[in-house]
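Just query_36.json here, JSON, C-alpha atoms:
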[["chain", "number", "residue", "atom", "x", "y", "z"],
["A", 1, "MET", "CA", 48.96, -26.24, -77.64],
["A", 2, "GLU", "CA", 49.19, -29.45, -75.58],
["A", 3, "LEU", "CA", 48.98, -29.46, -71.78],
["A", 4, "GLY", "CA", 49.33, -32.73, -69.84],
["A", 5, "GLY", "CA", 48.67, -34.79, -72.95],
["A", 6, "ARG", "CA", 45.56, -32.75, -73.86],
["A", 7, "ALA", "CA", 45.36, -30.12, -76.55],
["A", 8, "VAL", "CA", 44.58, -26.61, -75.31],
["A", 9, "ARG", "CA", 43.11, -24.30, -77.92],
["A", 10, "LEU", "CA", 44.41, -20.74, -77.86],
["A", 11, "PRO", "CA", 42.16, -17.83, -78.68],
["A", 12, "GLY", "CA", 42.00, -17.01, -82.37],
["A", 13, "TRP", "CA", 43.49, -13.56, -81.91],
["A", 14, "LEU", "CA", 46.46, -15.03, -80.08],
["A", 15, "SER", "CA", 47.00, -17.80, -82.63],
["A", 16, "SER", "CA", 46.94, -15.28, -85.47],
["A", 17, "ARG", "CA", 49.53, -13.14, -83.78],
["A", 18, "LEU", "CA", 51.79, -16.07, -82.87],
["A", 19, "PRO", "CA", 51.76, -18.35, -85.92],
["A", 20, "GLY", "CA", 53.59, -21.54, -85.32],
["A", 21, "TRP", "CA", 54.36, -20.68, -81.72],
["A", 22, "ARG", "CA", 54.18, -23.55, -79.31],
["A", 23, "PRO", "CA", 54.69, -22.69, -75.67],
["A", 24, "SER", "CA", 56.77, -24.91, -73.46],
["A", 25, "ARG", "CA", 55.13, -27.43, -71.12],
["A", 26, "GLY", "CA", 56.14, -25.45, -67.98],
["A", 27, "ALA", "CA", 54.78, -22.19, -69.34],
["A", 28, "GLY", "CA", 51.44, -23.80, -70.07],
["A", 29, "VAL", "CA", 51.16, -25.22, -66.58],
["A", 30, "LEU", "CA", 51.88, -21.82, -65.03],
["A", 31, "ALA", "CA", 49.34, -20.11, -67.23],
["A", 32, "VAL", "CA", 46.57, -22.55, -66.32],
["A", 33, "ALA", "CA", 47.46, -22.38, -62.61],
["A", 34, "ALA", "CA", 47.35, -18.60, -62.67],
["A", 35, "LEU", "CA", 43.95, -18.71, -64.37],
["A", 36, "VAL", "CA", 42.53, -21.13, -61.78],
["A", 37, "VAL", "CA", 43.86, -19.07, -58.85],
["A", 38, "GLY", "CA", 42.41, -15.88, -60.32],
["A", 39, "LEU", "CA", 38.98, -17.46, -60.74],
["A", 40, "ALA", "CA", 39.04, -18.81, -57.16],
["A", 41, "VAL", "CA", 40.02, -15.46, -55.65],
["A", 42, "GLY", "CA", 37.36, -13.63, -57.61],
["A", 43, "TYR", "CA", 34.63, -16.07, -56.55],
["A", 44, "ALA", "CA", 35.65, -15.90, -52.91],
["A", 45, "ALA", "CA", 35.65, -12.11, -52.94],
["A", 46, "GLY", "CA", 32.24, -11.92, -54.56],
["A", 47, "ASP", "CA", 30.69, -14.45, -52.18],
["A", 48, "HIS", "CA", 32.09, -12.62, -49.12],
["A", 49, "GLY", "CA", 30.70, -9.36, -50.42],
["A", 50, "ARG", "CA", 27.23, -10.84, -50.81],
["A", 51, "ARG", "CA", 27.17, -12.46, -47.33],
["A", 52, "GLY", "CA", 29.16, -9.94, -45.30],
["A", 53, "ALA", "CA", 27.55, -6.70, -46.39],
["A", 54, "ALA", "CA", 26.99, -4.70, -43.20],
["A", 55, "LEU", "CA", 23.41, -3.67, -42.56],
["A", 56, "PRO", "CA", 22.91, -0.02, -41.68],
["A", 57, "ALA", "CA", 22.81, 0.42, -37.91],
["A", 58, "PRO", "CA", 19.39, 1.51, -36.63],
["A", 59, "SER", "CA", 19.35, 5.13, -35.65],
["A", 60, "ALA", "CA", 19.13, 5.57, -31.90],
["A", 61, "SER", "CA", 16.09, 7.43, -30.70],
["A", 62, "PRO", "CA", 16.96, 10.27, -28.37],
["A", 63, "ALA", "CA", 16.13, 9.33, -24.80],
["A", 64, "THR", "CA", 13.49, 11.46, -23.18],
["A", 65, "ALA", "CA", 14.44, 12.64, -19.71],
["A", 66, "PRO", "CA", 11.81, 11.81, -17.09],
["A", 67, "ALA", "CA", 9.81, 14.72, -15.79],
["A", 68, "SER", "CA", 11.06, 16.15, -12.56],
["A", 69, "GLY", "CA", 9.28, 14.81, -9.50],
["A", 70, "LEU", "CA", 10.09, 17.81, -7.35],
["A", 71, "SER", "CA", 7.20, 19.31, -5.49],
["A", 72, "PHE", "CA", 6.98, 22.45, -3.47],
["A", 73, "ALA", "CA", 4.86, 23.07, -0.42],
["A", 74, "VAL", "CA", 2.09, 25.57, -1.16],
["A", 75, "SER", "CA", 1.14, 28.00, 1.61],
["A", 76, "PRO", "CA", -2.61, 28.33, 2.29],
["A", 77, "ALA", "CA", -4.22, 31.44, 0.88],
["A", 78, "LEU", "CA", -6.29, 32.21, 3.98],
["A", 79, "ILE", "CA", -4.75, 32.08, 7.46],
["A", 80, "GLN", "CA", -5.74, 32.97, 11.02],
["A", 81, "ASP", "CA", -3.76, 35.96, 12.21],
["A", 82, "THR", "CA", -2.81, 36.90, 15.79],
["A", 83, "GLY", "CA", -5.96, 38.82, 16.67],
["A", 84, "ALA", "CA", -8.85, 37.17, 18.53],
["A", 85, "CYS", "CA", -11.82, 38.43, 20.58],
["A", 86, "SER", "CA", -14.67, 37.23, 22.79],
["A", 87, "LEU", "CA", -17.92, 38.62, 24.14],
["A", 88, "GLN", "CA", -20.54, 37.17, 26.51],
["A", 89, "ARG", "CA", -24.22, 37.92, 25.89],
["A", 90, "GLY", "CA", -26.27, 36.14, 28.52],
["A", 91, "HIS", "CA", -25.72, 32.45, 27.90],
["A", 92, "ASP", "CA", -24.31, 33.13, 24.45],
["A", 93, "LEU", "CA", -20.62, 33.53, 23.76],
["A", 94, "VAL", "CA", -19.21, 35.33, 20.73],
["A", 95, "LEU", "CA", -15.77, 34.20, 19.57],
["A", 96, "GLY", "CA", -13.88, 35.98, 16.82],
["A", 97, "VAL", "CA", -10.59, 35.65, 14.97],
["A", 98, "GLN", "CA", -8.70, 37.79, 12.48],
["A", 99, "LEU", "CA", -8.28, 36.40, 8.95],
["A", 100, "THR", "CA", -5.54, 37.42, 6.51],
["A", 101, "ASN", "CA", -5.22, 36.81, 2.78],
["A", 102, "GLN", "CA", -1.58, 35.93, 2.17],
["A", 103, "SER", "CA", -2.06, 34.96, -1.49],
["A", 104, "ALA", "CA", -1.59, 37.09, -4.60],
["A", 105, "GLN", "CA", -5.28, 36.80, -5.57],
["A", 106, "PRO", "CA", -8.45, 38.34, -4.10],
["A", 107, "LEU", "CA", -10.48, 35.94, -1.93],
["A", 108, "THR", "CA", -14.22, 35.91, -1.45],
["A", 109, "LEU", "CA", -15.20, 34.75, 2.04],
["A", 110, "THR", "CA", -18.41, 32.75, 1.87],
["A", 111, "THR", "CA", -19.12, 30.54, 4.92],
["A", 112, "THR", "CA", -17.97, 29.68, 8.44],
["A", 113, "LYS", "CA", -18.57, 26.45, 10.32],
["A", 114, "ALA", "CA", -17.28, 25.78, 13.82],
["A", 115, "VAL", "CA", -15.57, 22.48, 14.65],
["A", 116, "LEU", "CA", -16.19, 21.46, 18.28],
["A", 117, "PRO", "CA", -14.07, 18.40, 19.20],
["A", 118, "MET", "CA", -15.45, 18.25, 22.76],
["A", 119, "GLY", "CA", -18.91, 19.69, 22.14],
["A", 120, "GLY", "CA", -20.25, 21.92, 24.93],
["A", 121, "LEU", "CA", -21.24, 24.69, 22.50],
["A", 122, "SER", "CA", -23.77, 25.10, 19.70],
["A", 123, "GLN", "CA", -23.19, 27.48, 16.77],
["A", 124, "VAL", "CA", -25.99, 30.02, 16.35],
["A", 125, "THR", "CA", -24.79, 32.49, 13.72],
["A", 126, "TRP", "CA", -21.68, 34.15, 12.27],
["A", 127, "GLN", "CA", -20.65, 37.37, 10.52],
["A", 128, "TRP", "CA", -17.64, 39.11, 8.97],
["A", 129, "ALA", "CA", -17.10, 41.54, 11.86],
["A", 130, "THR", "CA", -15.54, 41.83, 15.31],
["A", 131, "CYS", "CA", -17.12, 40.43, 18.45],
["A", 132, "GLY", "CA", -18.79, 43.69, 19.52],
["A", 133, "ALA", "CA", -20.37, 44.50, 16.15],
["A", 134, "ILE", "CA", -24.11, 44.60, 15.66],
["A", 135, "ALA", "CA", -25.36, 41.19, 14.64],
["A", 136, "ALA", "CA", -25.66, 40.85, 10.89],
["A", 137, "PRO", "CA", -28.74, 39.34, 9.21],
["A", 138, "PRO", "CA", -28.59, 35.60, 8.49],
["A", 139, "ALA", "CA", -28.27, 36.09, 4.72],
["A", 140, "GLN", "CA", -25.29, 38.42, 4.85],
["A", 141, "ALA", "CA", -23.25, 39.24, 1.77],
["A", 142, "ASP", "CA", -19.93, 37.57, 1.03],
["A", 143, "ALA", "CA", -16.79, 39.51, 1.96],
["A", 144, "ILE", "CA", -13.99, 40.19, -0.52],
["A", 145, "LEU", "CA", -10.49, 40.09, 0.94],
["A", 146, "MET", "CA", -7.76, 41.62, -1.21],
["A", 147, "PRO", "CA", -4.15, 40.30, -1.16],
["A", 148, "GLY", "CA", -2.45, 41.21, 2.12],
["A", 149, "ASP", "CA", -5.65, 42.49, 3.72],
["A", 150, "SER", "CA", -7.25, 41.24, 6.94],
["A", 151, "ALA", "CA", -10.83, 40.90, 8.11],
["A", 152, "TRP", "CA", -12.63, 39.81, 11.28],
["A", 153, "MET", "CA", -14.90, 36.82, 11.64],
["A", 154, "ALA", "CA", -17.18, 36.40, 14.68],
["A", 155, "VAL", "CA", -19.24, 33.33, 15.55],
["A", 156, "THR", "CA", -21.99, 33.27, 18.18],
["A", 157, "PHE", "CA", -22.46, 30.13, 20.32],
["A", 158, "THR", "CA", -24.93, 28.97, 22.91],
["A", 159, "VAL", "CA", -22.97, 27.67, 25.89],
["A", 160, "LYS", "CA", -24.17, 24.30, 27.18],
["A", 161, "GLU", "CA", -21.66, 24.00, 30.02],
["A", 162, "GLN", "CA", -21.42, 25.97, 33.24],
["A", 163, "CYS", "CA", -17.80, 26.78, 32.43],
["A", 164, "PRO", "CA", -16.61, 26.48, 28.80],
["A", 165, "GLY", "CA", -12.93, 26.96, 29.76],
["A", 166, "PRO", "CA", -11.59, 23.51, 28.67],
["A", 167, "LEU", "CA", -13.45, 23.46, 25.35],
["A", 168, "PRO", "CA", -11.46, 23.84, 22.08],
["A", 169, "VAL", "CA", -13.07, 25.67, 19.15],
["A", 170, "GLU", "CA", -11.83, 25.40, 15.57],
["A", 171, "PHE", "CA", -13.15, 26.92, 12.35],
["A", 172, "ASN", "CA", -13.60, 25.84, 8.74],
["A", 173, "VAL", "CA", -13.87, 28.95, 6.57],
["A", 174, "GLY", "CA", -15.12, 28.58, 3.02],
["A", 175, "TYR", "CA", -13.94, 30.95, 0.30],
["A", 176, "THR", "CA", -13.43, 31.15, -3.45],
["A", 177, "VAL", "CA", -10.30, 32.13, -5.35],
["A", 178, "GLN", "CA", -10.49, 32.75, -9.10],
["A", 179, "GLY", "CA", -13.94, 31.17, -9.08],
["A", 180, "LYS", "CA", -12.78, 27.92, -7.43],
["A", 181, "PRO", "CA", -14.11, 26.96, -3.97],
["A", 182, "ALA", "CA", -11.69, 26.19, -1.15],
["A", 183, "THR", "CA", -11.74, 25.70, 2.61],
["A", 184, "ALA", "CA", -9.29, 26.91, 5.24],
["A", 185, "SER", "CA", -9.05, 24.86, 8.44],
["A", 186, "LEU", "CA", -8.13, 27.32, 11.18],
["A", 187, "PRO", "CA", -6.99, 26.49, 14.73],
["A", 188, "GLY", "CA", -9.39, 28.97, 16.35],
["A", 189, "PHE", "CA", -9.11, 28.61, 20.15],
["A", 190, "PRO", "CA", -7.06, 25.71, 21.60],
["A", 191, "ASP", "CA", -9.34, 26.09, 24.66],
["A", 192, "LEU", "CA", -11.42, 28.86, 26.24],
["A", 193, "SER", "CA", -9.39, 29.22, 29.43],
["A", 194, "GLN", "CA", -8.39, 32.78, 28.47],
["A", 195, "VAL", "CA", -11.93, 33.76, 27.49],
["A", 196, "PRO", "CA", -13.80, 35.67, 30.27],
["A", 197, "TYR", "CA", -17.14, 34.06, 31.09],
["A", 198, "ASN", "CA", -19.51, 34.92, 33.93],
["A", 199, "GLY", "CA", -19.56, 32.26, 36.65],
["A", 200, "CYS", "CA", -16.41, 30.59, 35.40],
["A", 201, "GLY", "CA", -13.55, 30.85, 37.91],
["A", 202, "THR", "CA", -13.34, 34.24, 39.61],
["A", 203, "THR", "CA", -14.90, 36.23, 36.74],
["A", 204, "THR", "CA", -18.10, 38.07, 37.62],
["A", 205, "ALA", "CA", -20.58, 39.87, 35.42],
["A", 206, "ALA", "CA", -19.07, 43.20, 36.47],
["A", 207, "ASP", "CA", -15.55, 42.05, 35.69],
["A", 208, "ALA", "CA", -16.38, 40.66, 32.25],
["A", 209, "PRO", "CA", -15.42, 43.22, 29.56],
["A", 210, "SER", "CA", -17.78, 44.07, 26.76],
["A", 211, "ALA", "CA", -15.39, 42.62, 24.23],
["A", 212, "ALA", "CA", -12.16, 40.99, 25.37],
["A", 213, "MET", "CA", -9.22, 41.00, 22.94],
["A", 214, "ILE", "CA", -6.88, 37.99, 22.88],
["A", 215, "ASN", "CA", -3.68, 37.43, 20.96],
["A", 216, "TRP", "CA", -2.98, 33.98, 19.51],
["A", 217, "PRO", "CA", -0.02, 32.86, 17.39],
["A", 218, "ALA", "CA", -0.83, 33.27, 13.72],
["A", 219, "SER", "CA", -1.47, 30.10, 11.70],
["A", 220, "ARG", "CA", 0.88, 29.73, 8.71]]
For this file, write the structure as structure tokens.
Amino acid sequence: MELGGRAVRLPGWLSSRLPGWRPSRGAGVLAVAALVVGLAVGYAAGDHGRRGAALPAPSASPATAPASGLSFAVSPALIQDTGACSLQRGHDLVLGVQLTNQSAQPLTLTTTKAVLPMGGLSQVTWQWATCGAIAAPPAQADAILMPGDSAWMAVTFTVKEQCPGPLPVEFNVGYTVQGKPATASLPGFPDLSQVPYNGCGTTTAADAPSAAMINWPASR
């Protein structure tokens, strides 16, 4: 077959089936054009497939929510309750307060240390008892305070002032809970103006009670 002045060889199987057949010039042009277009389309499709293959999207890691920053106020295990007492012994003054365990665990009371912002007093000894109790030995045993229970703590001071009325007295009480040491800072006495003391104001030795009871607001 001739196309544009050049001979185009037909496949052997087609020549054997069409002996002596000579296609027209227009038919040959259309056949070649169709072949060229088909090759071009196939190449373009294959090249696009190689370059435009979509990569698998990376899997998104689940976001971890930040831990909550909420905090809750924790009530102290050991508090000072409303009860308080005092007792004068010569130049010594015994001051006592009532302690309450408001936690759900037993507490073991271990130590007491007075805090004296204005001085004027000197701590001598202390015990887990009321003001009028017999003085306990220096190496007294620790006291166990069950949940909801109360106990008394009394501290003996030597008074260095003629009248201790203006002096504040606070307490740091040491205790353990579940084997861990802790300290409760208690308000004690804002001042000693309500504490009877011989020679202070109009109080005389005869007027001073053996053990005066005082009520303070409970510390929470």
- For Trp152 of chain A, which residue among A:Ala129, A:Leu109, A:Leu78, A:Leu95 is the nearest when counting all atoms listed in the file? A:Ala129
- Task: Could you tell me which of A:Ser122, A:Gln127, A:Thr156, A:Thr112 comes closest to Ser185 of chain A if we count all atoms listed in the file?
- Result: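 Among A:Ser122, A:Gln127, A:Thr156, A:Thr112, it is A:Thr112 that comes nearest to Ser185 of chain A.
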- Would you mind listing what lies within 6 Å of segment 163-168 of chain A as a ChimeraX atom specification, with only C-alpha atoms counted and same-chain residues fewer than 3 positions away left out? /A:189-193,200
Using the selection just defined, write its residues with C-alpha atoms as a PDB file, in the frame of the given file.
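Generated file (again14.pdb):
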ATOM      1  CA  PHE A 189      -9.110  28.610  20.150  1.00  0.00           C
ATOM      2  CA  PRO A 190      -7.060  25.710  21.600  1.00  0.00           C
ATOM      3  CA  ASP A 191      -9.340  26.090  24.660  1.00  0.00           C
ATOM      4  CA  LEU A 192     -11.420  28.860  26.240  1.00  0.00           C
ATOM      5  CA  SER A 193      -9.390  29.220  29.430  1.00  0.00           C
ATOM      6  CA  CYS A 200     -16.410  30.590  35.400  1.00  0.00           C
TER       7      CYS A 200
END
- Pick out the residues sitting within 10 Å of Asp142 of chain A, and hand them over as a PyMOL selection string; count all atoms listed in the file, and ignore anything fewer than 5 positions along from it in its own chain. chain A and resi 108-111+127-128+175
Atoms to include: C-alpha atoms. Write the selected residues as a CSV table (one decimal), in the frame of the given file.
chain,number,residue,atom,x,y,z
A,108,THR,CA,-14.2,35.9,-1.4
A,109,LEU,CA,-15.2,34.8,2.0
A,110,THR,CA,-18.4,32.8,1.9
A,111,THR,CA,-19.1,30.5,4.9
A,127,GLN,CA,-20.6,37.4,10.5
A,128,TRP,CA,-17.6,39.1,9.0
A,175,TYR,CA,-13.9,31.0,0.3
- Task: Give me the residues within 8 Å of Cys131 of chain A as a ChimeraX atom specification, counting only C-alpha atoms and dropping any in the same chain fewer than 4 places off.
- Result: /A:85-87,94-96,154-155,211
- Two-atom distance - atom CA of Ala135 of chain A, atom CA of Lys160 of chain A (Å):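 Taking atom CA of Ala135 of chain A and atom CA of Lys160 of chain A, their separation equals 21.1 Å.
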- Item | Best match for closeness to Gly199 of chain A among A:Gly119, A:Gly179, A:Gly90, A:Pro76, counting all atoms listed in the file | A:Gly90
